[in-house]
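Quick look at entry_17.pdb (PDB, C-alpha atoms):
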ATOM      1  CA  MET T   1      66.179  85.089 100.265  1.00  0.00           C
ATOM      2  CA  GLY T   2      66.972  83.345 103.561  1.00  0.00           C
ATOM      3  CA  GLY T   3      67.373  79.961 102.033  1.00  0.00           C
ATOM      4  CA  ILE T   4      64.490  78.420 100.267  1.00  0.00           C
ATOM      5  CA  LEU T   5      62.418  79.387 103.282  1.00  0.00           C
ATOM      6  CA  LEU T   6      61.992  82.933 102.009  1.00  0.00           C
ATOM      7  CA  LEU T   7      61.091  81.849  98.499  1.00  0.00           C
ATOM      8  CA  ALA T   8      58.264  79.523  99.470  1.00  0.00           C
ATOM      9  CA  GLY T   9      55.600  81.692 101.064  1.00  0.00           C
ATOM     10  CA  CYS T  10      53.093  79.858 103.208  1.00  0.00           C
ATOM     11  CA  ALA T  11      52.739  76.121 103.024  1.00  0.00           C
ATOM     12  CA  PRO T  12      50.671  73.804 105.215  1.00  0.00           C
ATOM     13  CA  THR T  13      52.553  72.268 108.094  1.00  0.00           C
ATOM     14  CA  PRO T  14      52.948  68.535 107.596  1.00  0.00           C
ATOM     15  CA  PRO T  15      51.922  66.356 110.507  1.00  0.00           C
ATOM     16  CA  GLY T  16      54.888  65.276 112.525  1.00  0.00           C
ATOM     17  CA  PRO T  17      55.918  63.992 115.878  1.00  0.00           C
ATOM     18  CA  SER T  18      55.371  66.137 118.927  1.00  0.00           C
ATOM     19  CA  PRO T  19      58.503  67.624 120.390  1.00  0.00           C
ATOM     20  CA  GLU T  20      59.952  65.553 123.197  1.00  0.00           C
ATOM     21  CA  PRO T  21      61.397  67.700 125.980  1.00  0.00           C
ATOM     22  CA  SER T  22      64.487  65.545 126.421  1.00  0.00           C
ATOM     23  CA  VAL T  23      67.024  68.385 126.440  1.00  0.00           C
ATOM     24  CA  VAL T  24      66.558  71.247 128.856  1.00  0.00           C
ATOM     25  CA  PHE T  25      68.895  74.208 128.813  1.00  0.00           C
ATOM     26  CA  MET T  26      70.254  75.135 132.210  1.00  0.00           C
ATOM     27  CA  THR T  27      70.932  78.774 131.282  1.00  0.00           C
ATOM     28  CA  ASP T  28      69.894  81.328 128.701  1.00  0.00           C
ATOM     29  CA  ASP T  29      73.517  81.370 127.485  1.00  0.00           C
ATOM     30  CA  GLU T  30      73.345  77.623 126.748  1.00  0.00           C
ATOM     31  CA  ALA T  31      70.081  78.112 124.848  1.00  0.00           C
ATOM     32  CA  PHE T  32      71.554  81.017 122.865  1.00  0.00           C
ATOM     33  CA  ALA T  33      74.702  79.024 121.995  1.00  0.00           C
ATOM     34  CA  ALA T  34      72.671  75.982 120.917  1.00  0.00           C
ATOM     35  CA  ALA T  35      70.354  78.060 118.729  1.00  0.00           C
ATOM     36  CA  GLU T  36      73.255  79.879 117.088  1.00  0.00           C
ATOM     37  CA  ALA T  37      75.174  76.630 116.466  1.00  0.00           C
ATOM     38  CA  THR T  38      72.074  74.983 114.993  1.00  0.00           C
ATOM     39  CA  TYR T  39      71.366  77.875 112.628  1.00  0.00           C
ATOM     40  CA  ARG T  40      75.004  78.113 111.543  1.00  0.00           C
ATOM     41  CA  ALA T  41      75.014  74.359 110.800  1.00  0.00           C
ATOM     42  CA  TYR T  42      71.770  74.779 108.835  1.00  0.00           C
ATOM     43  CA  VAL T  43      73.260  77.638 106.754  1.00  0.00           C
ATOM     44  CA  ASP T  44      76.392  75.540 106.121  1.00  0.00           C
ATOM     45  CA  ALA T  45      74.195  72.658 104.906  1.00  0.00           C
ATOM     46  CA  LEU T  46      72.205  75.074 102.738  1.00  0.00           C
ATOM     47  CA  ASN T  47      75.391  76.455 101.188  1.00  0.00           C
ATOM     48  CA  GLN T  48      76.563  72.899 100.494  1.00  0.00           C
ATOM     49  CA  TYR T  49      73.210  72.129  98.858  1.00  0.00           C
ATOM     50  CA  TRP T  50      73.426  75.263  96.698  1.00  0.00           C
ATOM     51  CA  SER T  51      76.932  74.312  95.579  1.00  0.00           C
ATOM     52  CA  ASN T  52      75.227  71.550  93.571  1.00  0.00           C
ATOM     53  CA  ASP T  53      75.996  68.890  96.142  1.00  0.00           C
ATOM     54  CA  LYS T  54      72.213  68.444  96.592  1.00  0.00           C
ATOM     55  CA  ARG T  55      72.670  66.168  99.595  1.00  0.00           C
ATOM     56  CA  ASP T  56      69.662  66.548 101.816  1.00  0.00           C
ATOM     57  CA  ALA T  57      71.477  67.536 105.017  1.00  0.00           C
ATOM     58  CA  VAL T  58      69.460  70.775 104.942  1.00  0.00           C
ATOM     59  CA  THR T  59      66.302  69.005 106.032  1.00  0.00           C
ATOM     60  CA  ASP T  60      68.111  67.451 109.008  1.00  0.00           C
ATOM     61  CA  TYR T  61      67.822  70.842 110.741  1.00  0.00           C
ATOM     62  CA  LEU T  62      64.146  71.467 109.978  1.00  0.00           C
ATOM     63  CA  THR T  63      60.747  70.318 111.183  1.00  0.00           C
ATOM     64  CA  GLY T  64      57.160  71.587 111.015  1.00  0.00           C
ATOM     65  CA  ALA T  65      56.497  74.732 108.997  1.00  0.00           C
ATOM     66  CA  ALA T  66      60.204  75.294 108.290  1.00  0.00           C
ATOM     67  CA  LEU T  67      60.490  71.872 106.656  1.00  0.00           C
ATOM     68  CA  ALA T  68      57.269  72.376 104.687  1.00  0.00           C
ATOM     69  CA  ASP T  69      58.490  75.776 103.450  1.00  0.00           C
ATOM     70  CA  GLU T  70      61.879  74.336 102.420  1.00  0.00           C
ATOM     71  CA  LEU T  71      60.277  71.534 100.413  1.00  0.00           C
ATOM     72  CA  ALA T  72      57.734  73.886  98.810  1.00  0.00           C
ATOM     73  CA  GLY T  73      60.546  76.283  97.867  1.00  0.00           C
ATOM     74  CA  ARG T  74      62.484  73.483  96.227  1.00  0.00           C
ATOM     75  CA  GLU T  75      59.406  72.489  94.228  1.00  0.00           C
ATOM     76  CA  LEU T  76      58.888  76.089  93.144  1.00  0.00           C
ATOM     77  CA  LEU T  77      62.490  76.411  91.980  1.00  0.00           C
ATOM     78  CA  ALA T  78      62.382  73.074  90.157  1.00  0.00           C
ATOM     79  CA  ALA T  79      59.104  73.940  88.427  1.00  0.00           C
ATOM     80  CA  SER T  80      60.492  77.283  87.258  1.00  0.00           C
ATOM     81  CA  ARG T  81      63.840  75.701  86.313  1.00  0.00           C
ATOM     82  CA  GLN T  82      65.718  78.022  88.627  1.00  0.00           C
ATOM     83  CA  ASP T  83      68.388  77.440  91.239  1.00  0.00           C
ATOM     84  CA  VAL T  84      70.262  79.345  93.915  1.00  0.00           C
ATOM     85  CA  THR T  85      74.046  79.603  93.848  1.00  0.00           C
ATOM     86  CA  GLY T  86      76.550  81.191  96.187  1.00  0.00           C
ATOM     87  CA  ARG T  87      76.796  81.348  99.948  1.00  0.00           C
ATOM     88  CA  ALA T  88      74.584  82.807 102.653  1.00  0.00           C
ATOM     89  CA  GLU T  89      75.936  83.770 106.046  1.00  0.00           C
ATOM     90  CA  LEU T  90      74.457  84.274 109.479  1.00  0.00           C
ATOM     91  CA  SER T  91      75.592  87.784 110.364  1.00  0.00           C
ATOM     92  CA  GLY T  92      73.814  88.380 113.634  1.00  0.00           C
ATOM     93  CA  MET T  93      71.433  87.067 116.244  1.00  0.00           C
ATOM     94  CA  SER T  94      69.420  89.013 118.811  1.00  0.00           C
ATOM     95  CA  ASP T  95      66.342  88.995 121.010  1.00  0.00           C
ATOM     96  CA  VAL T  96      66.876  85.357 122.016  1.00  0.00           C
ATOM     97  CA  ARG T  97      64.140  84.040 124.288  1.00  0.00           C
ATOM     98  CA  ARG T  98      63.489  80.610 125.664  1.00  0.00           C
ATOM     99  CA  VAL T  99      60.501  78.965 127.224  1.00  0.00           C
ATOM    100  CA  GLY T 100      61.208  75.393 128.275  1.00  0.00           C
ATOM    101  CA  THR T 101      62.492  73.589 125.192  1.00  0.00           C
ATOM    102  CA  ARG T 102      61.476  76.307 122.725  1.00  0.00           C
ATOM    103  CA  ILE T 103      63.775  79.123 121.689  1.00  0.00           C
ATOM    104  CA  SER T 104      62.944  82.126 119.526  1.00  0.00           C
ATOM    105  CA  ALA T 105      65.374  84.645 118.071  1.00  0.00           C
ATOM    106  CA  LEU T 106      65.789  87.332 115.472  1.00  0.00           C
ATOM    107  CA  LEU T 107      68.526  86.437 112.984  1.00  0.00           C
ATOM    108  CA  CYS T 108      70.206  88.454 110.283  1.00  0.00           C
ATOM    109  CA  LEU T 109      70.892  86.421 107.159  1.00  0.00           C
ATOM    110  CA  ASP T 110      73.296  87.913 104.632  1.00  0.00           C
ATOM    111  CA  THR T 111      72.534  86.633 101.128  1.00  0.00           C
ATOM    112  CA  SER T 112      74.619  89.205  99.232  1.00  0.00           C
ATOM    113  CA  ALA T 113      76.849  86.429  97.830  1.00  0.00           C
ATOM    114  CA  THR T 114      73.917  84.387  96.489  1.00  0.00           C
ATOM    115  CA  ARG T 115      72.370  84.509  93.046  1.00  0.00           C
ATOM    116  CA  LEU T 116      69.212  83.176  91.455  1.00  0.00           C
ATOM    117  CA  VAL T 117      70.013  81.520  88.128  1.00  0.00           C
ATOM    118  CA  ASN T 118      67.864  80.128  85.346  1.00  0.00           C
ATOM    119  CA  GLU T 119      68.223  76.733  83.650  1.00  0.00           C
ATOM    120  CA  PHE T 120      71.014  78.132  81.441  1.00  0.00           C
ATOM    121  CA  GLY T 121      73.015  79.354  84.444  1.00  0.00           C
ATOM    122  CA  GLU T 122      72.207  82.998  83.692  1.00  0.00           C
ATOM    123  CA  ASP T 123      71.918  85.329  86.684  1.00  0.00           C
ATOM    124  CA  ILE T 124      68.287  86.403  87.104  1.00  0.00           C
ATOM    125  CA  THR T 125      68.671  87.771  90.628  1.00  0.00           C
ATOM    126  CA  PRO T 126      66.262  90.670  91.192  1.00  0.00           C
ATOM    127  CA  THR T 127      68.288  93.886  91.287  1.00  0.00           C
ATOM    128  CA  GLN T 128      66.198  95.444  94.057  1.00  0.00           C
ATOM    129  CA  ARG T 129      66.326  92.536  96.500  1.00  0.00           C
ATOM    130  CA  SER T 130      67.344  92.986 100.101  1.00  0.00           C
ATOM    131  CA  THR T 131      70.603  91.146 100.755  1.00  0.00           C
ATOM    132  CA  ARG T 132      70.428  91.297 104.557  1.00  0.00           C
ATOM    133  CA  THR T 133      67.147  89.899 105.807  1.00  0.00           C
ATOM    134  CA  GLN T 134      65.893  89.750 109.367  1.00  0.00           C
ATOM    135  CA  LEU T 135      64.256  86.440 110.184  1.00  0.00           C
ATOM    136  CA  ALA T 136      62.101  85.505 113.165  1.00  0.00           C
ATOM    137  CA  VAL T 137      63.186  81.938 113.868  1.00  0.00           C
ATOM    138  CA  GLU T 138      61.752  79.440 116.321  1.00  0.00           C
ATOM    139  CA  PHE T 139      63.652  76.372 117.467  1.00  0.00           C
ATOM    140  CA  VAL T 140      62.349  73.319 119.303  1.00  0.00           C
ATOM    141  CA  VAL T 141      64.044  70.407 120.997  1.00  0.00           C
ATOM    142  CA  MET T 142      63.133  67.124 119.337  1.00  0.00           C
ATOM    143  CA  ASN T 143      64.834  63.790 119.985  1.00  0.00           C
ATOM    144  CA  ASP T 144      67.820  65.393 121.746  1.00  0.00           C
ATOM    145  CA  HIS T 145      68.399  67.869 118.880  1.00  0.00           C
ATOM    146  CA  LEU T 146      67.503  71.489 118.413  1.00  0.00           C
ATOM    147  CA  LEU T 147      65.548  71.921 115.161  1.00  0.00           C
ATOM    148  CA  ILE T 148      64.228  74.949 113.303  1.00  0.00           C
ATOM    149  CA  VAL T 149      60.441  74.784 113.383  1.00  0.00           C
ATOM    150  CA  ARG T 150      59.626  78.169 111.853  1.00  0.00           C
ATOM    151  CA  SER T 151      61.551  80.850 109.970  1.00  0.00           C
ATOM    152  CA  ASP T 152      59.730  83.923 108.727  1.00  0.00           C
ATOM    153  CA  SER T 153      61.027  87.139 107.235  1.00  0.00           C
ATOM    154  CA  THR T 154      60.124  90.120 109.380  1.00  0.00           C
ATOM    155  CA  GLY T 155      60.139  92.304 106.267  1.00  0.00           C
ATOM    156  CA  THR T 156      62.864  94.387 107.858  1.00  0.00           C
ATOM    157  CA  PRO T 157      66.397  94.605 106.537  1.00  0.00           C
ATOM    158  CA  CYS T 158      69.085  94.138 109.173  1.00  0.00           C
TER
END
What is this structure when it is put down as C-alpha coordinates?
Amino acid sequence: MGGILLLAGCAPTPPGPSPEPSVVFMTDDEAFAAAEATYRAYVDALNQYWSNDKRDAVTDYLTGAALADELAGRELLAASRQDVTGRAELSGMSDVRRVGTRISALLCLDTSATRLVNEFGEDITPTQRSTRTQLAVEFVVMNDHLLIVRSDSTGTPC
(Lines of atoms letter the chains of each structure in order from A and count residues from 1; the text may use other names and numbers.)
(Lines give C-alpha, C1' and ligand atoms only; values in the text may rest on other atoms or scores of the structure.)
Protein backbone atom coordinates (compact mmCIF):
# COMPACT_ATOMS: atom_id res chain seq x y z
CA MET A 1 0.00 0.00 0.00
CA GLY A 2 2.59 2.56 -1.11
CA GLY A 3 0.23 5.46 -1.01
CA ILE A 4 -2.77 5.42 -3.21
CA LEU A 5 -0.42 4.42 -6.01
CA LEU A 6 -0.50 0.78 -4.94
CA LEU A 7 -4.27 0.69 -4.56
CA ALA A 8 -5.08 1.96 -8.04
CA GLY A 9 -3.78 -0.65 -10.46
CA CYS A 10 -3.29 0.54 -14.01
CA ALA A 11 -4.82 3.76 -15.21
CA PRO A 12 -4.31 5.56 -18.52
CA THR A 13 -1.67 8.25 -18.45
CA PRO A 14 -3.23 11.67 -18.87
CA PRO A 15 -1.70 13.88 -21.53
CA GLY A 16 0.66 16.37 -20.05
CA PRO A 17 3.54 18.62 -20.86
CA SER A 18 6.79 17.12 -22.03
CA PRO A 19 9.58 17.23 -19.50
CA GLU A 20 11.83 20.23 -19.93
CA PRO A 21 15.48 19.40 -19.25
CA SER A 22 16.13 22.58 -17.29
CA VAL A 23 17.90 20.94 -14.34
CA VAL A 24 20.86 18.69 -15.00
CA PHE A 25 22.55 16.86 -12.17
CA MET A 26 26.31 17.23 -12.13
CA THR A 27 26.92 13.99 -10.22
CA ASP A 28 25.15 10.75 -9.40
CA ASP A 29 25.24 11.79 -5.72
CA GLU A 30 23.27 14.96 -6.54
CA ALA A 31 20.71 12.92 -8.49
CA PHE A 32 20.40 10.42 -5.63
CA ALA A 33 19.96 13.20 -3.04
CA ALA A 34 17.34 14.98 -5.17
CA ALA A 35 15.36 11.78 -5.75
CA GLU A 36 15.43 10.86 -2.07
CA ALA A 37 14.40 14.38 -0.98
CA THR A 38 11.56 14.42 -3.52
CA TYR A 39 10.20 11.04 -2.41
CA ARG A 40 10.47 11.94 1.27
CA ALA A 41 8.56 15.18 0.61
CA TYR A 42 5.93 13.20 -1.31
CA VAL A 43 5.51 10.72 1.59
CA ASP A 44 5.24 13.64 4.04
CA ALA A 45 2.50 15.18 1.87
CA LEU A 46 0.75 11.81 1.65
CA ASN A 47 0.85 11.40 5.43
CA GLN A 48 -0.58 14.91 5.82
CA TYR A 49 -3.36 14.03 3.36
CA TRP A 50 -4.15 10.82 5.25
CA SER A 51 -4.35 12.73 8.53
CA ASN A 52 -7.60 14.18 7.14
CA ASP A 53 -5.97 17.42 6.07
CA LYS A 54 -6.92 16.52 2.46
CA ARG A 55 -4.87 19.39 1.04
CA ASP A 56 -3.72 18.40 -2.41
CA ALA A 57 0.02 18.85 -1.88
CA VAL A 58 0.40 15.16 -2.77
CA THR A 59 -0.23 15.83 -6.44
CA ASP A 60 2.47 18.53 -6.48
CA TYR A 61 5.05 15.71 -6.56
CA LEU A 62 3.41 13.63 -9.30
CA THR A 63 3.02 13.68 -13.06
CA GLY A 64 2.16 11.17 -15.80
CA ALA A 65 1.21 7.66 -14.74
CA ALA A 66 1.95 8.36 -11.06
CA LEU A 67 -0.56 11.22 -11.03
CA ALA A 68 -3.16 9.17 -12.90
CA ASP A 69 -2.73 6.28 -10.45
CA GLU A 70 -3.05 8.61 -7.44
CA LEU A 71 -6.28 10.14 -8.74
CA ALA A 72 -7.72 6.74 -9.69
CA GLY A 73 -6.86 5.40 -6.23
CA ARG A 74 -8.64 8.31 -4.59
CA GLU A 75 -11.72 7.65 -6.71
CA LEU A 76 -11.64 3.97 -5.79
CA LEU A 77 -11.43 4.76 -2.08
CA ALA A 78 -14.19 7.36 -2.29
CA ALA A 79 -16.48 5.01 -4.22
CA SER A 80 -15.96 2.25 -1.66
CA ARG A 81 -16.26 4.71 1.25
CA GLN A 82 -12.84 3.79 2.54
CA ASP A 83 -9.87 5.84 3.65
CA VAL A 84 -6.26 5.37 4.68
CA THR A 85 -5.03 6.51 8.09
CA GLY A 86 -1.63 6.49 9.73
CA ARG A 87 1.84 7.23 8.44
CA ALA A 88 4.02 5.66 5.77
CA GLU A 89 7.78 6.00 5.81
CA LEU A 90 10.53 5.72 3.24
CA SER A 91 12.85 3.14 4.78
CA GLY A 92 15.39 2.64 2.04
CA MET A 93 16.51 3.50 -1.45
CA SER A 94 18.80 1.54 -3.76
CA ASP A 95 19.77 0.88 -7.36
CA VAL A 96 19.61 4.59 -8.25
CA ARG A 97 20.32 5.25 -11.92
CA ARG A 98 20.18 8.41 -13.94
CA VAL A 99 20.07 9.13 -17.62
CA GLY A 100 20.03 12.84 -18.36
CA THR A 101 17.10 14.30 -16.44
CA ARG A 102 15.50 10.95 -15.61
CA ILE A 103 16.25 9.02 -12.44
CA SER A 104 15.07 5.54 -11.50
CA ALA A 105 15.40 3.85 -8.13
CA LEU A 106 14.12 1.02 -6.00
CA LEU A 107 12.48 2.32 -2.82
CA CYS A 108 11.29 0.54 0.28
CA LEU A 109 8.06 1.98 1.64
CA ASP A 110 7.08 0.98 5.16
CA THR A 111 3.30 1.12 5.60
CA SER A 112 3.14 -0.84 8.87
CA ALA A 113 1.67 2.20 10.67
CA THR A 114 -1.13 2.69 8.13
CA ARG A 115 -4.64 1.28 8.22
CA LEU A 116 -7.50 1.00 5.77
CA VAL A 117 -10.75 2.09 7.41
CA ASN A 118 -14.36 1.98 6.31
CA GLU A 119 -16.89 4.83 6.44
CA PHE A 120 -17.50 4.12 10.15
CA GLY A 121 -13.79 4.38 10.98
CA GLU A 122 -13.49 0.63 11.53
CA ASP A 123 -10.15 -0.96 10.65
CA ILE A 124 -10.57 -3.18 7.59
CA THR A 125 -6.86 -3.54 6.83
CA PRO A 126 -6.16 -6.93 5.25
CA THR A 127 -4.35 -9.08 7.81
CA GLN A 128 -2.04 -10.68 5.25
CA ARG A 129 -0.80 -7.48 3.61
CA SER A 130 2.87 -6.76 3.14
CA THR A 131 3.86 -3.76 5.24
CA ARG A 132 7.23 -3.16 3.56
CA THR A 133 6.83 -2.84 -0.18
CA GLN A 134 9.55 -2.41 -2.78
CA LEU A 135 8.64 0.15 -5.40
CA ALA A 136 10.29 0.83 -8.75
CA VAL A 137 10.07 4.61 -9.02
CA GLU A 138 10.95 6.86 -11.93
CA PHE A 139 11.54 10.58 -11.53
CA VAL A 140 11.74 13.26 -14.22
CA VAL A 141 12.80 16.87 -14.19
CA MET A 142 9.94 19.16 -15.16
CA ASN A 143 9.94 22.94 -14.80
CA ASP A 144 12.99 22.96 -12.50
CA HIS A 145 11.46 20.33 -10.17
CA LEU A 146 11.97 16.62 -9.82
CA LEU A 147 8.61 14.83 -10.08
CA ILE A 148 7.56 11.21 -9.69
CA VAL A 149 6.37 9.98 -13.08
CA ARG A 150 5.89 6.29 -12.28
CA SER A 151 5.72 4.18 -9.13
CA ASP A 152 5.07 0.46 -9.41
CA SER A 153 5.24 -2.29 -6.83
CA THR A 154 7.85 -4.87 -7.73
CA GLY A 155 5.82 -7.50 -5.87
CA THR A 156 8.80 -8.05 -3.60
CA PRO A 157 8.82 -7.22 0.09
CA CYS A 158 11.85 -5.26 1.23
Problem set entry | Atom pair CA of Phe120 in chain T / CA of Asp44 in chain T: separation (Å) |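 Computing it gives 25.4 Å between the two atoms.
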Problem set entry | the PyMOL selection byres ((chain T and resi 156) around 10) resolved against shown file, as a list in words |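 For this structure, the PyMOL selection byres ((chain T and resi 156) around 10) captures Cys108, Ser130, Arg132, Thr133, Gln134, Leu135, Ser153, Thr154, Gly155, Pro157 and Cys158 of chain T.
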Problem set entry | Straight-line distance linking CA of Ile103 in chain T with CA of Val141 in chain T, stated in Å to one decimal |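 Going from CA of Ile103 in chain T over to CA of Val141 in chain T, I get 8.7 Å.
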Exercise. How would you write, as a PyMOL selection string, the residues chosen by the PyMOL selection byres ((chain T and resi 146) around 12) on this structure?
Worked result: chain T and resi 19-25+30-39+41-42+60-63+101-104+138-145+147-149
Exercise. Quick one, how far is CA of Ala113 in chain T from CA of Glu89 in chain T?
Worked result: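 Taking CA of Ala113 in chain T and CA of Glu89 in chain T, their separation equals 8.7 Å.
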For this session: Would you list the residues near (60.9, 77.7, 106.5), meaning any protein, DNA or RNA residue with an atom at most 6 Å from that point in file coordinates, counting all atoms listed in the file, as a ChimeraX atom specification?
Result: /T:5,65-67,69-70,150-151
Step by step, gather every atom of range 143-152 of chain T that the file lists, find the box along x, y and z that holds them, add 6 Å on each side, and finally give centre and edge lengths in Å to one decimal, as AutoDock Vina command-line options.
--center_x 64.0 --center_y 73.9 --center_z 115.2 --size_x 20.8 --size_y 32.1 --size_z 25.0
For this session: Can you pull out every residue within 8 Å of Gln82 in chain T, counting only C-alpha atoms, but drop anything in the same chain fewer than 6 positions away, and send it as a list of chain:residue names?
Result: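 Answer for this query is T:Leu116, T:Val117, T:Asn118, T:Glu119.
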Exercise. Can you find the residues with an atom no farther than 12 Å from (76.4, 88.9, 94.6), counting all atoms listed in the file, and report them as a list in words?
Worked result: Val84, Thr85, Gly86, Arg87, Ala88, Asp110, Thr111, Ser112, Ala113, Thr114, Arg115, Leu116, Val117, Asp123, Ile124, Thr125, Pro126, Thr127, Arg129, Ser130, Thr131 and Arg132 of chain T
For this session: Go through T:Arg98, T:Leu106, T:Gln128, T:Asp152 and flag the residue nearest Thr27 in chain T, using all atoms listed in the file for the distances.
Result: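 Comparing T:Arg98, T:Leu106, T:Gln128, T:Asp152 against Thr27 in chain T, the winner is T:Arg98.
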For this session: Measuring atom to atom with all atoms listed in the file, identify which of T:Ala136, T:Val58, T:Asn52, T:Leu46 is nearest to Arg97 in chain T.
Result: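 Looking at the shortest contact to Arg97 in chain T, the residue is T:Ala136.
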